[in-house]
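Asks: Take this structure, written in structure tokens, and hold onto it; I'll ask about it next.
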Amino acid sequence: MKIAVACDHGGLNLKKAVLAFLEKNGHEYVDFGTYTADSCDYPDFALKAAEAVANGECERGIVVCSSGIGVSIVANKVPGIRCAHCHDTYCAKYTRYHNNANMIAFGEKVIGEGMMEEIVTAFLSCEYQGGERHDRRIAKIKAIEEKYCKKEFIK
């Protein structure tokens, strides 16, 4: 599975741990930055990762900042992205099972490397369970995107 990964300066250390974990577990990834601890703007990097998932370059994405909140907001602005801010494995599993989320976000100041590994494992190993009610809800999300988004990246 090819994973888009990005962070700002506040998530750099945890992003490095994510990349090492993905590599150790045989996942291909694209690192959209940032690459230094210099102060930067999280929208610049989270957007690139979200676009890569939305256009099919990558199957899923992981974005990191200090809290996970800013990068998740950015990712969710891209049509076709369903990014969940996860700080535990339950959320990581159920966002896949019920929401068919294609990205997750978390914060370096919120979780440690051990929890990150558990969250990433859950997110990457779980598949969408589907079903009428979940399909209906995702269709409503897509309808909202179509109503409010001017530029289409949706596959």
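By convention in this document, the chains of the structure tokens carry letters A, B, ... by their order, each chain's residues are numbered from 1, and ligands are numbered from 1 in the order they are shown.
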When DSSP works through the backbone of this structure, what residues of segment 9-102 of chain A end up as strand (DSSP E or B), shown as JSON, numbers by chain?

Replies: {"A": [28, 29, 30, 31, 60, 61, 62, 63, 64, 65, 83, 84, 85]}

Asks: Could you please take those selected residues and save N, CA, C and O atoms as a compact mmCIF listing (two decimals), in the first residue's frame?

Replies:
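The resulting out04.txt:
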# COMPACT_ATOMS: atom_id res chain seq x y z
N GLU A 28 5.04 1.25 1.02
CA GLU A 28 5.66 2.32 0.24
C GLU A 28 5.04 3.63 0.70
O GLU A 28 3.87 3.68 1.07
N TYR A 29 5.81 4.70 0.66
CA TYR A 29 5.26 6.00 1.05
C TYR A 29 5.86 7.10 0.18
O TYR A 29 6.90 6.93 -0.44
N VAL A 30 5.14 8.23 0.18
CA VAL A 30 5.63 9.45 -0.43
C VAL A 30 5.65 10.49 0.68
O VAL A 30 4.63 10.73 1.32
N ASP A 31 6.81 11.06 0.93
CA ASP A 31 6.98 12.06 1.99
C ASP A 31 6.84 13.44 1.39
O ASP A 31 7.69 13.89 0.62
N ARG A 60 -3.73 5.82 0.75
CA ARG A 60 -4.14 6.42 2.02
C ARG A 60 -3.12 7.46 2.43
O ARG A 60 -2.05 7.54 1.84
N GLY A 61 -3.47 8.24 3.46
CA GLY A 61 -2.57 9.29 3.90
C GLY A 61 -2.52 9.43 5.41
O GLY A 61 -3.48 9.08 6.11
N ILE A 62 -1.39 9.94 5.88
CA ILE A 62 -1.17 10.21 7.30
C ILE A 62 -0.56 11.60 7.39
O ILE A 62 0.46 11.87 6.76
N VAL A 63 -1.19 12.47 8.18
CA VAL A 63 -0.68 13.83 8.36
C VAL A 63 -0.52 14.11 9.85
O VAL A 63 -1.31 13.64 10.67
N VAL A 64 0.54 14.87 10.17
CA VAL A 64 0.91 15.09 11.56
C VAL A 64 1.24 16.57 11.78
O VAL A 64 1.92 17.18 10.96
N CYS A 65 0.76 17.11 12.88
CA CYS A 65 1.20 18.41 13.37
C CYS A 65 1.29 18.31 14.88
O CYS A 65 1.27 17.20 15.42
N CYS A 83 -10.67 12.51 6.26
CA CYS A 83 -9.54 12.44 7.18
C CYS A 83 -10.05 12.49 8.61
O CYS A 83 -10.74 13.44 8.99
N ALA A 84 -9.70 11.50 9.39
CA ALA A 84 -10.12 11.43 10.78
C ALA A 84 -8.95 11.77 11.70
O ALA A 84 -7.84 11.28 11.51
N HIS A 85 -9.22 12.61 12.66
CA HIS A 85 -8.24 12.95 13.69
C HIS A 85 -8.31 11.84 14.73
O HIS A 85 -9.30 11.71 15.44

Asks: Write out as JSON lines a residue-level contact list of segment 98-154 of chain A versus segment 10-26 of chain A with cut-off 8 Å: for each qualifying residue the closest pair of atoms and the distance in Å to one decimal, counting only C-alpha atoms, rows sorted by chain and residue number upward.

Replies:
{"residue": "A:Gly107", "atom": "CA", "partner": "A:Gly11", "partner_atom": "CA", "distance": 6.6}
{"residue": "A:Glu108", "atom": "CA", "partner": "A:Gly11", "partner_atom": "CA", "distance": 5.2}
{"residue": "A:Gly112", "atom": "CA", "partner": "A:Leu14", "partner_atom": "CA", "distance": 7.8}
{"residue": "A:Glu113", "atom": "CA", "partner": "A:Ala17", "partner_atom": "CA", "distance": 6.8}
{"residue": "A:Met116", "atom": "CA", "partner": "A:Val18", "partner_atom": "CA", "distance": 7.4}
{"residue": "A:Glu117", "atom": "CA", "partner": "A:Phe21", "partner_atom": "CA", "distance": 7.0}

Asks: Can you measure atom CA of Ala75 of chain A to atom CA of Arg136 of chain A for me? One decimal in Å is fine.

Replies: 22.0 Å

Asks: Tell me, in Å to one decimal, how far atom CA of Met103 of chain A is from atom CA of Ala37 of chain A.

Replies: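 Separating atom CA of Met103 of chain A from atom CA of Ala37 of chain A is a distance of 23.4 Å.
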
Asks: Write out as number ranges by chain each polymer residue whose atoms come within 12 Å of Cys58 of chain A, counting only C-alpha atoms; drop sequence neighbours fewer than 5 positions from it.

Replies: A: 1-5, 27-32, 48-53, 81, 102-103

Asks: Might you pull out every residue within 9 Å of Pro43 of chain A, with only C-alpha atoms counted and same-chain residues fewer than 6 positions away left off, and present them as a ChimeraX atom specification?

Replies: /A:8,70-71,73-75

Asks: Produce a file of the selected residues containing N, CA and C atoms, as a short mmCIF file (atom, residue, chain, number, x, y, z; two decimals), in the first residue's frame.

Replies:
data_model
loop_
_atom_site.label_atom_id
_atom_site.label_comp_id
_atom_site.auth_asym_id
_atom_site.auth_seq_id
_atom_site.Cartn_x
_atom_site.Cartn_y
_atom_site.Cartn_z
N ASP A 8 4.04 19.33 9.60
CA ASP A 8 4.69 20.63 9.74
C ASP A 8 5.83 20.44 10.75
N GLY A 70 -5.05 20.91 12.92
CA GLY A 70 -4.86 21.76 11.75
C GLY A 70 -4.72 20.96 10.47
N VAL A 71 -3.89 19.91 10.50
CA VAL A 71 -3.69 19.12 9.29
C VAL A 71 -4.94 18.36 8.89
N ILE A 73 -8.04 19.44 9.34
CA ILE A 73 -8.93 20.44 8.74
C ILE A 73 -8.53 20.68 7.29
N VAL A 74 -7.24 20.85 7.06
CA VAL A 74 -6.75 21.08 5.69
C VAL A 74 -7.09 19.90 4.79
N ALA A 75 -6.75 18.70 5.22
CA ALA A 75 -6.99 17.52 4.39
C ALA A 75 -8.46 17.40 4.01
#

Asks: How would you write, as a ChimeraX atom specification, the set of residues in segment 82-147 of chain A that DSSP gives as helix (DSSP H, G or I)?

Replies: /A:89-99,113-125,132-147
